[in-house]
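Here is the file upload_36.tsv (TSV, C-alpha atoms and all ligand atoms).
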chain	number	residue	atom	x	y	z
L	20	MET	CA	14.44	-2.42	-27.07
L	21	THR	CA	17.85	-3.63	-26.01
L	22	ASP	CA	18.48	-7.35	-25.57
L	23	ASP	CA	18.41	-6.87	-21.80
L	24	GLN	CA	15.01	-5.20	-21.99
L	25	THR	CA	13.67	-7.97	-24.21
L	26	THR	CA	14.90	-10.57	-21.76
L	27	GLN	CA	13.37	-8.68	-18.83
L	28	ALA	CA	10.03	-8.27	-20.65
L	29	ALA	CA	9.94	-12.01	-21.33
L	30	ILE	CA	10.64	-12.79	-17.68
L	31	ASP	CA	7.99	-10.30	-16.50
L	32	GLU	CA	5.48	-11.97	-18.83
L	33	TYR	CA	6.47	-15.46	-17.70
L	34	LEU	CA	6.23	-14.62	-14.00
L	35	GLY	CA	3.36	-12.16	-14.29
L	36	THR	CA	0.98	-14.69	-15.78
L	37	ARG	CA	1.76	-17.01	-12.88
L	38	PHE	CA	1.89	-14.65	-9.90
L	39	TRP	CA	0.35	-11.25	-10.59
L	40	SER	CA	-2.09	-11.53	-13.42
L	41	GLU	CA	-5.21	-9.41	-13.06
L	42	ASP	CA	-8.72	-10.72	-13.42
L	43	GLN	CA	-11.33	-8.75	-15.41
L	44	LEU	CA	-12.45	-6.78	-12.34
L	45	LEU	CA	-8.94	-5.47	-11.63
L	46	ARG	CA	-8.50	-4.59	-15.32
L	47	ASP	CA	-11.80	-2.71	-15.30
L	48	LEU	CA	-10.74	-0.93	-12.12
L	49	GLN	CA	-7.45	0.12	-13.73
L	50	ALA	CA	-9.43	1.51	-16.68
L	51	ASP	CA	-11.71	3.45	-14.32
L	52	ILE	CA	-8.69	4.96	-12.54
L	53	ALA	CA	-7.15	5.89	-15.90
L	54	ALA	CA	-10.41	7.59	-16.91
L	55	ARG	CA	-11.06	9.72	-13.84
L	56	ALA	CA	-8.24	9.68	-11.29
L	57	PRO	CA	-4.47	9.92	-11.10
L	58	ARG	CA	-2.88	6.58	-12.09
L	59	ILE	CA	-1.04	6.20	-8.82
L	60	ASN	CA	-2.27	2.79	-7.71
L	61	ILE	CA	0.33	0.13	-6.98
L	62	SER	CA	1.43	-2.28	-9.71
L	63	PRO	CA	0.03	-5.81	-10.01
L	64	GLN	CA	3.43	-7.10	-8.89
L	65	ALA	CA	3.23	-5.01	-5.70
L	66	GLY	CA	-0.34	-6.26	-5.23
L	67	ALA	CA	0.94	-9.82	-5.24
L	68	VAL	CA	3.56	-8.90	-2.63
L	69	LEU	CA	0.86	-7.43	-0.38
L	70	ALA	CA	-1.35	-10.49	-0.86
L	71	THR	CA	1.45	-12.93	-0.14
L	72	LEU	CA	2.47	-11.03	3.00
L	73	THR	CA	-1.16	-10.99	4.14
L	74	HIS	CA	-0.93	-14.79	4.12
L	75	ALA	CA	2.55	-14.81	5.68
L	76	VAL	CA	1.43	-12.98	8.84
L	77	ARG	CA	-1.96	-14.75	8.81
L	78	ALA	CA	-3.53	-11.32	8.87
L	79	THR	CA	-7.09	-10.85	10.00
L	80	ARG	CA	-6.91	-7.08	10.51
L	81	ILE	CA	-5.22	-4.81	7.97
L	82	LEU	CA	-4.98	-1.03	7.95
L	83	GLU	CA	-4.36	0.93	4.74
L	84	ILE	CA	-3.60	4.65	4.64
L	85	GLY	CA	-4.47	5.98	1.16
L	86	THR	CA	-7.27	4.10	-0.64
L	87	LEU	CA	-7.58	5.78	-4.04
L	88	PHE	CA	-10.16	3.53	-5.84
L	89	GLY	CA	-9.38	0.39	-3.83
L	90	TYR	CA	-6.90	-1.30	-6.17
L	91	SER	CA	-4.31	-2.22	-3.52
L	92	GLY	CA	-7.14	-2.81	-1.06
L	93	ILE	CA	-8.70	-5.46	-3.29
L	94	TRP	CA	-5.38	-7.33	-3.54
L	95	MET	CA	-5.13	-7.40	0.27
L	96	ALA	CA	-8.81	-8.01	1.08
L	97	ARG	CA	-8.94	-10.96	-1.31
L	98	ALA	CA	-6.07	-12.53	0.64
L	99	LEU	CA	-7.86	-12.16	3.98
L	100	PRO	CA	-9.66	-15.10	5.57
L	101	GLU	CA	-13.45	-15.18	5.90
L	102	ASN	CA	-13.38	-13.31	9.23
L	103	GLY	CA	-10.72	-10.82	8.10
L	104	HIS	CA	-11.19	-7.07	7.79
L	105	LEU	CA	-9.51	-4.17	6.02
L	106	ASP	CA	-9.81	-0.60	7.30
L	107	THR	CA	-8.76	1.84	4.59
L	108	LEU	CA	-8.39	5.61	5.02
L	109	GLU	CA	-9.11	8.18	2.31
L	110	ILE	CA	-9.38	11.97	2.39
L	111	SER	CA	-11.04	12.48	-1.01
L	112	PRO	CA	-14.84	11.99	-1.06
L	113	VAL	CA	-14.66	11.13	-4.77
L	114	HIS	CA	-12.02	8.47	-4.22
L	115	ALA	CA	-13.75	7.05	-1.14
L	116	GLU	CA	-17.06	6.75	-3.00
L	117	ALA	CA	-15.44	5.09	-6.00
L	118	ALA	CA	-13.58	2.70	-3.71
L	119	ARG	CA	-16.78	1.71	-1.91
L	120	GLU	CA	-18.34	0.90	-5.28
L	121	TRP	CA	-15.35	-1.17	-6.38
L	122	PHE	CA	-15.16	-3.09	-3.10
L	123	ALA	CA	-18.88	-3.87	-3.49
L	124	ARG	CA	-18.42	-5.00	-7.11
L	125	ALA	CA	-15.58	-7.24	-5.92
L	126	GLY	CA	-17.89	-8.82	-3.34
L	127	LEU	CA	-15.78	-7.38	-0.53
L	128	ALA	CA	-18.18	-4.81	0.94
L	129	ASP	CA	-18.50	-6.73	4.22
L	130	LYS	CA	-14.76	-7.14	4.56
L	131	VAL	CA	-13.72	-3.56	3.99
L	132	THR	CA	-14.48	-0.27	5.72
L	133	VAL	CA	-13.56	2.90	3.83
L	134	HIS	CA	-13.02	5.69	6.37
L	135	LEU	CA	-13.55	9.08	4.73
L	136	GLY	CA	-11.46	11.87	6.24
L	137	ASP	CA	-7.93	13.04	6.90
L	138	ALA	CA	-5.97	9.96	7.94
L	139	ARG	CA	-4.34	11.98	10.72
L	140	GLU	CA	-7.75	12.35	12.36
L	141	THR	CA	-9.03	8.86	11.61
L	142	LEU	CA	-5.86	7.19	12.89
L	143	ALA	CA	-6.22	8.86	16.28
L	144	ARG	CA	-9.55	7.08	16.69
L	145	LEU	CA	-8.38	3.57	15.73
L	146	SER	CA	-7.40	0.89	18.25
L	147	PRO	CA	-4.82	-1.89	18.13
L	148	ALA	CA	-4.12	-4.47	17.03
L	149	TYR	CA	-3.49	-4.75	13.30
L	150	ASP	CA	-1.42	-7.50	11.72
L	151	MET	CA	-0.32	-5.33	8.82
L	152	VAL	CA	-0.31	-1.63	7.96
L	153	PHE	CA	0.17	-0.33	4.41
L	154	ILE	CA	1.14	3.34	4.11
L	155	ASP	CA	0.46	4.96	0.71
L	156	ALA	CA	-0.97	8.47	1.25
L	157	ASP	CA	0.63	11.95	1.39
L	158	LYS	CA	4.39	11.49	1.61
L	159	GLU	CA	5.16	14.37	3.98
L	160	SER	CA	3.05	12.62	6.63
L	161	TYR	CA	4.91	9.27	6.46
L	162	PRO	CA	6.83	9.94	9.73
L	163	HIS	CA	3.52	10.62	11.50
L	164	TYR	CA	1.94	7.54	9.89
L	165	LEU	CA	4.89	5.49	11.14
L	166	ASP	CA	4.23	6.67	14.72
L	167	GLN	CA	0.61	5.64	14.38
L	168	ALA	CA	1.47	2.34	12.69
L	169	LEU	CA	3.85	1.50	15.54
L	170	ARG	CA	1.05	2.22	18.03
L	171	LEU	CA	-1.46	0.09	16.12
L	172	VAL	CA	0.47	-2.92	14.82
L	173	ARG	CA	0.90	-6.07	16.88
L	174	PRO	CA	4.30	-7.46	17.84
L	175	GLY	CA	5.54	-9.46	14.88
L	176	GLY	CA	3.31	-7.52	12.53
L	177	LEU	CA	4.31	-5.75	9.32
L	178	ILE	CA	4.44	-2.14	8.23
L	179	LEU	CA	4.75	-1.52	4.48
L	180	ALA	CA	5.15	1.76	2.66
L	181	ASP	CA	4.95	2.61	-1.04
L	182	ASN	CA	6.87	5.16	-3.16
L	183	ILE	CA	10.15	4.91	-1.27
L	184	HIS	CA	12.20	5.54	-4.45
L	185	GLN	CA	10.30	8.77	-5.17
L	186	ARG	CA	10.85	8.06	-8.87
L	187	GLY	CA	14.57	8.46	-8.52
L	188	ARG	CA	14.49	11.51	-6.28
L	189	LEU	CA	15.12	9.74	-2.95
L	190	ALA	CA	18.91	9.94	-3.14
L	191	ASP	CA	19.15	13.07	-5.30
L	192	SER	CA	20.76	15.69	-3.06
L	193	GLU	CA	19.44	18.45	-5.35
L	194	VAL	CA	15.89	17.56	-4.37
L	195	ASP	CA	14.57	19.08	-1.17
L	196	GLU	CA	10.80	19.11	-1.07
L	197	PRO	CA	8.37	18.12	1.68
L	198	GLY	CA	7.28	14.78	0.21
L	199	VAL	CA	10.82	13.56	-0.43
L	200	ARG	CA	11.94	14.84	2.98
L	201	GLY	CA	9.09	12.88	4.58
L	202	ILE	CA	10.19	9.70	2.83
L	203	ARG	CA	13.84	10.26	3.84
L	204	THR	CA	12.87	10.66	7.48
L	205	TYR	CA	10.73	7.52	7.22
L	206	VAL	CA	13.61	5.56	5.68
L	207	GLU	CA	16.10	6.73	8.34
L	208	ARG	CA	13.72	5.66	11.08
L	209	ILE	CA	12.89	2.19	9.79
L	210	ALA	CA	16.60	1.66	9.19
L	211	VAL	CA	17.80	2.48	12.70
L	212	GLU	CA	15.02	2.30	15.27
L	213	PRO	CA	15.39	-0.51	17.77
L	214	LYS	CA	12.99	-3.42	17.30
L	215	LEU	CA	12.42	-2.65	13.61
L	216	ARG	CA	13.83	-4.95	10.93
L	217	SER	CA	13.44	-3.45	7.50
L	218	THR	CA	14.31	-3.57	3.85
L	219	VAL	CA	13.11	-2.00	0.62
L	220	LEU	CA	12.01	-4.08	-2.35
L	221	PRO	CA	12.59	-2.65	-5.85
L	222	VAL	CA	8.96	-3.23	-6.78
L	223	GLY	CA	7.14	-0.39	-8.51
L	224	ASP	CA	8.33	2.90	-6.98
L	225	GLY	CA	10.01	1.06	-4.08
L	226	LEU	CA	8.13	-0.82	-1.37
L	227	SER	CA	9.51	-0.85	2.17
L	228	LEU	CA	8.91	-3.78	4.45
L	229	THR	CA	9.31	-3.54	8.22
L	230	VAL	CA	8.85	-6.29	10.78
L	231	VAL	CA	8.00	-4.90	14.19
L	232	GLY	CA	9.98	-6.67	16.91
L	233	GLY	CA	8.55	-9.18	19.30
L	234	SER	CA	6.62	-12.32	18.55
L	235	ALA	CA	2.95	-12.71	17.88
P	301	LIG	N1	-3.10	2.58	-2.20
P	301	LIG	C1	-3.76	3.00	-3.44
P	301	LIG	C2	-3.18	4.29	-3.97
P	301	LIG	C3	-3.28	5.44	-3.00
P	301	LIG	S1	-2.93	6.97	-3.79
P	301	LIG	C4	-3.56	1.91	-4.49
P	301	LIG	O1	-2.42	1.46	-4.65
P	301	LIG	O2	-4.54	1.51	-5.14
P	301	LIG	C5	-2.91	8.05	-2.41
P	301	LIG	C6	-4.28	8.35	-1.84
P	301	LIG	O3	-4.08	8.97	-0.57
P	301	LIG	C7	-5.10	9.33	-2.70
P	301	LIG	O4	-6.36	8.76	-2.99
P	301	LIG	C8	-5.25	10.54	-1.79
P	301	LIG	O5	-6.52	11.20	-1.93
P	301	LIG	C9	-5.09	9.95	-0.41
P	301	LIG	N2	-4.64	10.89	0.63
P	301	LIG	C10	-3.77	11.92	0.50
P	301	LIG	N3	-3.62	12.56	1.68
P	301	LIG	C11	-4.40	11.91	2.58
P	301	LIG	C12	-4.68	12.09	3.96
P	301	LIG	N4	-4.13	13.07	4.67
P	301	LIG	N5	-5.54	11.24	4.56
P	301	LIG	C13	-6.12	10.23	3.85
P	301	LIG	N6	-5.89	10.02	2.55
P	301	LIG	C14	-5.05	10.84	1.92
P	302	MG	MG	1.83	4.79	-3.95
Now, as a test, write the supplied structure out as structure tokens.
Amino acid sequence: MTDDQTTQAAIDEYLGTRFWSEDQLLRDLQADIAARAPRINISPQAGAVLATLTHAVRATRILEIGTLFGYSGIWMARALPENGHLDTLEISPVHAEAAREWFARAGLADKVTVHLGDARETLARLSPAYDMVFIDADKESYPHYLDQALRLVRPGGLILADNIHQRGRLADSEVDEPGVRGIRTYVERIAVEPKLRSTVLPVGDGLSLTVVGGSA
């Protein structure tokens, strides 16, 4: 390791133990994902961002698009108040079933609804208003998910989206594939559309953060 990497590792350790350390349940969940699913859950650091923002907007209703095994969902649901609720959308029956088990093990079964099906269909059936929407499913559909998030989120609410960097491919002009194109369209829109105030945090694979205009 270079000196810079050593310094960064020490800082990550110092801050991680204070702000994004995982309890045994989250470590067991990571191991379960590693054993039988793609390891595409958010990082603990991103989880702490989601949890802190849940508090910032005093969220009671959160919508997540892309559940996997519930790792990001647990970070958010734990930050919800007693009467809070997370709706999370998942197309894979295997993932949805695993997520239901993990939410139950985390004591969050009453706070979370896992909606099995294509998010495009489930979203059409959902009603406003959500305080926060987290987009983390198929990348080519991000522009469509943004339309739905804008319909469903309250004024002053937040829309977040994962994998904005596309592991370095976002700004690579050689890359032209549907997922990356979907992310580029999403980025253009949150950058320029009236009433949206956005930025992208360099956390994990890039996490965008959009405040939807108007006050709560
Ligand atoms: N947010 C999760 C990771 C999600 S991975 C976490 O950080 O823990 C992306 C998930 O989106 C996968 O489980 C995949 O099955 C699901 N997915 C892909 N296309 C979808 C669609 N059209 N509708 C709903 N879920 C979808
Ligand atoms: Mg992701």
Residues within 6 Å of (12.0, -2.4, 19.7), file coords, all atoms listed in the file, listed as a ChimeraX atom specification:
/L:213-214,232
Compile a residue-level contact table for chain L against ligand MG 302 (chain P) at a cut-off of 10 Å, reporting for every qualifying residue the shortest atom pair and its distance in Å to one decimal, with only C-alpha atoms and all ligand atoms counted, rows ordered by chain and ascending number, as JSON lines.
{"residue": "L:Arg58", "atom": "CA", "partner": "P:MG302", "partner_atom": "MG", "distance": 9.6}
{"residue": "L:Ile59", "atom": "CA", "partner": "P:MG302", "partner_atom": "MG", "distance": 5.8}
{"residue": "L:Asn60", "atom": "CA", "partner": "P:MG302", "partner_atom": "MG", "distance": 5.9}
{"residue": "L:Ile61", "atom": "CA", "partner": "P:MG302", "partner_atom": "MG", "distance": 5.8}
{"residue": "L:Ser62", "atom": "CA", "partner": "P:MG302", "partner_atom": "MG", "distance": 9.1}
{"residue": "L:Gly85", "atom": "CA", "partner": "P:MG302", "partner_atom": "MG", "distance": 8.2}
{"residue": "L:Thr86", "atom": "CA", "partner": "P:MG302", "partner_atom": "MG", "distance": 9.7}
{"residue": "L:Leu87", "atom": "CA", "partner": "P:MG302", "partner_atom": "MG", "distance": 9.5}
{"residue": "L:Ser91", "atom": "CA", "partner": "P:MG302", "partner_atom": "MG", "distance": 9.3}
{"residue": "L:Phe153", "atom": "CA", "partner": "P:MG302", "partner_atom": "MG", "distance": 9.9}
{"residue": "L:Ile154", "atom": "CA", "partner": "P:MG302", "partner_atom": "MG", "distance": 8.2}
{"residue": "L:Asp155", "atom": "CA", "partner": "P:MG302", "partner_atom": "MG", "distance": 4.9}
{"residue": "L:Ala156", "atom": "CA", "partner": "P:MG302", "partner_atom": "MG", "distance": 7.0}
{"residue": "L:Asp157", "atom": "CA", "partner": "P:MG302", "partner_atom": "MG", "distance": 9.0}
{"residue": "L:Lys158", "atom": "CA", "partner": "P:MG302", "partner_atom": "MG", "distance": 9.1}
{"residue": "L:Ala180", "atom": "CA", "partner": "P:MG302", "partner_atom": "MG", "distance": 8.0}
{"residue": "L:Asp181", "atom": "CA", "partner": "P:MG302", "partner_atom": "MG", "distance": 4.8}
{"residue": "L:Asn182", "atom": "CA", "partner": "P:MG302", "partner_atom": "MG", "distance": 5.1}
{"residue": "L:Ile183", "atom": "CA", "partner": "P:MG302", "partner_atom": "MG", "distance": 8.7}
{"residue": "L:Gln185", "atom": "CA", "partner": "P:MG302", "partner_atom": "MG", "distance": 9.4}
{"residue": "L:Gly223", "atom": "CA", "partner": "P:MG302", "partner_atom": "MG", "distance": 8.7}
{"residue": "L:Asp224", "atom": "CA", "partner": "P:MG302", "partner_atom": "MG", "distance": 7.4}
{"residue": "L:Gly225", "atom": "CA", "partner": "P:MG302", "partner_atom": "MG", "distance": 9.0}
{"residue": "L:Leu226", "atom": "CA", "partner": "P:MG302", "partner_atom": "MG", "distance": 8.8}
May I have the centre and edge lengths, in Å to one decimal, of an axis-aligned box around the listed atoms of ligand LIG 301 (chain P) with 5 Å added to every side, as JSON?
{"center_x": -4.5, "center_y": 7.3, "center_z": -0.2, "size_x": 14.1, "size_y": 21.6, "size_z": 19.8}
Selected residue, from L:Met95, L:Ala125, L:Ala75, L:Ala115, that lies nearest to Asp42 in chain L when counting all atoms listed in the file
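Result for the nearest residue to Asp42 in chain L: L:Ala125.
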Between CA of Gly66 in chain L and CA of Arg97 in chain L, measure the distance and give it in Å to one decimal.
10.6 Å
Two-atom distance - CA of Gly35 in chain L, CA of Val222 in chain L (Å)
12.9 Å
Atom-to-atom span, CA of Asp137 in chain L and CA of Gly187 in chain L, Å:
27.7 Å
Within 10 Å of Leu142 in chain L, counting all atoms listed in the file, which residues show up once you throw out same-chain ones fewer than 6 positions away? Write them as a ChimeraX atom specification, please.
/L:82,84,108,134,136,164,167-168,170-171
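Among the candidates L:Leu72, L:Leu34, L:Ile178, L:Ile93, the residue lying nearest to Ala128 in chain L is L:Ile93 (atoms considered: only C-alpha atoms).
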Excluding Leu44 in chain L and any residue of its chain fewer than 6 positions from it, enumerate the residues within 12 Å of it, using only C-alpha atoms, and give them as a list of chain:residue names.
L:Ala50, L:Asp51, L:Gly89, L:Tyr90, L:Ile93, L:Trp94, L:Glu120, L:Trp121, L:Phe122, L:Ala123, L:Arg124, L:Ala125, L:Gly126
Choose the residue, out of L:Ala70, L:Ala190, L:Ala53, L:Ile110, that has the smallest atom-to-atom separation from ligand LIG 301 (chain P); count only C-alpha atoms and all ligand atoms.
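Looking only at the distances to ligand LIG 301 (chain P), the closest residue turns out to be L:Ile110.
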Pick from L:Gly103, L:Gly198, L:Gly233, L:Pro147, whichever lies nearest to ligand LIG 301 (chain P) using all atoms listed in the file:
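For ligand LIG 301 (chain P), the nearest of the candidates is L:Gly198.
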Using all atoms listed in the file and a cutoff of 6 Å, can you tell me which residues are near (11.2, -2.1, 2.9) in the file's coordinates, and write them out as a list of chain:residue names?
L:Ser217, L:Thr218, L:Val219, L:Leu220, L:Leu226, L:Ser227, L:Leu228, L:Thr229
With distances taken over only C-alpha atoms and all ligand atoms, which residue among L:Gln43, L:Asp191, L:Thr36, L:Ala118 lies nearest ligand LIG 301 (chain P)?
L:Ala118
Near Val172 in chain L, within 6 Å and counting all atoms listed in the file, which residues show up once chain neighbours fewer than 5 positions away are dropped, as an MDAnalysis selection string?
chainID L and resid 148:150
Nearest residue to ligand LIG 301 (chain P) out of L:Thr141, L:Thr79, L:Thr204, L:Ser111, using only C-alpha atoms and all ligand atoms?
L:Ser111
Is there a way to complete range 107-129 of chain L with N, CA and C atoms and then write that out as a short mmCIF file (atom, residue, chain, number, x, y, z; two decimals), keeping the file's coordinate frame?
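Once written, part03.cif looks like this:
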data_model
loop_
_atom_site.label_atom_id
_atom_site.label_comp_id
_atom_site.auth_asym_id
_atom_site.auth_seq_id
_atom_site.Cartn_x
_atom_site.Cartn_y
_atom_site.Cartn_z
N THR L 107 -9.55 1.05 5.52
CA THR L 107 -8.76 1.84 4.59
C THR L 107 -9.17 3.31 4.67
N LEU L 108 -8.19 4.20 4.68
CA LEU L 108 -8.39 5.61 5.02
C LEU L 108 -8.18 6.49 3.79
N GLU L 109 -9.15 7.37 3.53
CA GLU L 109 -9.11 8.18 2.31
C GLU L 109 -9.68 9.57 2.56
N ILE L 110 -8.96 10.59 2.13
CA ILE L 110 -9.38 11.97 2.39
C ILE L 110 -10.31 12.51 1.31
N SER L 111 -10.24 11.95 0.09
CA SER L 111 -11.04 12.48 -1.01
C SER L 111 -12.40 11.80 -1.06
N PRO L 112 -13.50 12.59 -0.98
CA PRO L 112 -14.84 11.99 -1.06
C PRO L 112 -15.06 11.25 -2.38
N VAL L 113 -14.50 11.79 -3.46
CA VAL L 113 -14.66 11.13 -4.77
C VAL L 113 -13.97 9.78 -4.77
N HIS L 114 -12.75 9.74 -4.26
CA HIS L 114 -12.02 8.47 -4.22
C HIS L 114 -12.72 7.48 -3.29
N ALA L 115 -13.13 7.96 -2.12
CA ALA L 115 -13.75 7.05 -1.14
C ALA L 115 -15.02 6.44 -1.72
N GLU L 116 -15.82 7.25 -2.42
CA GLU L 116 -17.06 6.75 -3.00
C GLU L 116 -16.78 5.72 -4.10
N ALA L 117 -15.81 6.04 -4.94
CA ALA L 117 -15.44 5.09 -6.00
C ALA L 117 -14.93 3.79 -5.39
N ALA L 118 -14.13 3.90 -4.35
CA ALA L 118 -13.58 2.70 -3.71
C ALA L 118 -14.69 1.84 -3.12
N ARG L 119 -15.66 2.48 -2.47
CA ARG L 119 -16.78 1.71 -1.91
C ARG L 119 -17.50 0.93 -3.01
N GLU L 120 -17.68 1.59 -4.16
CA GLU L 120 -18.34 0.90 -5.28
C GLU L 120 -17.51 -0.28 -5.76
N TRP L 121 -16.20 -0.09 -5.87
CA TRP L 121 -15.35 -1.17 -6.38
C TRP L 121 -15.24 -2.33 -5.38
N PHE L 122 -15.18 -2.00 -4.09
CA PHE L 122 -15.16 -3.09 -3.10
C PHE L 122 -16.47 -3.88 -3.18
N ALA L 123 -17.59 -3.18 -3.37
CA ALA L 123 -18.88 -3.87 -3.49
C ALA L 123 -18.91 -4.75 -4.75
N ARG L 124 -18.44 -4.20 -5.87
CA ARG L 124 -18.42 -5.00 -7.11
C ARG L 124 -17.55 -6.22 -6.97
N ALA L 125 -16.49 -6.11 -6.13
CA ALA L 125 -15.58 -7.24 -5.92
C ALA L 125 -16.13 -8.22 -4.88
N GLY L 126 -17.31 -7.93 -4.35
CA GLY L 126 -17.89 -8.82 -3.34
C GLY L 126 -17.22 -8.70 -1.98
N LEU L 127 -16.57 -7.55 -1.74
CA LEU L 127 -15.78 -7.38 -0.53
C LEU L 127 -16.37 -6.33 0.42
N ALA L 128 -17.60 -5.90 0.15
CA ALA L 128 -18.18 -4.81 0.94
C ALA L 128 -18.19 -5.13 2.44
N ASP L 129 -18.44 -6.38 2.79
CA ASP L 129 -18.50 -6.73 4.22
C ASP L 129 -17.13 -6.84 4.87
#
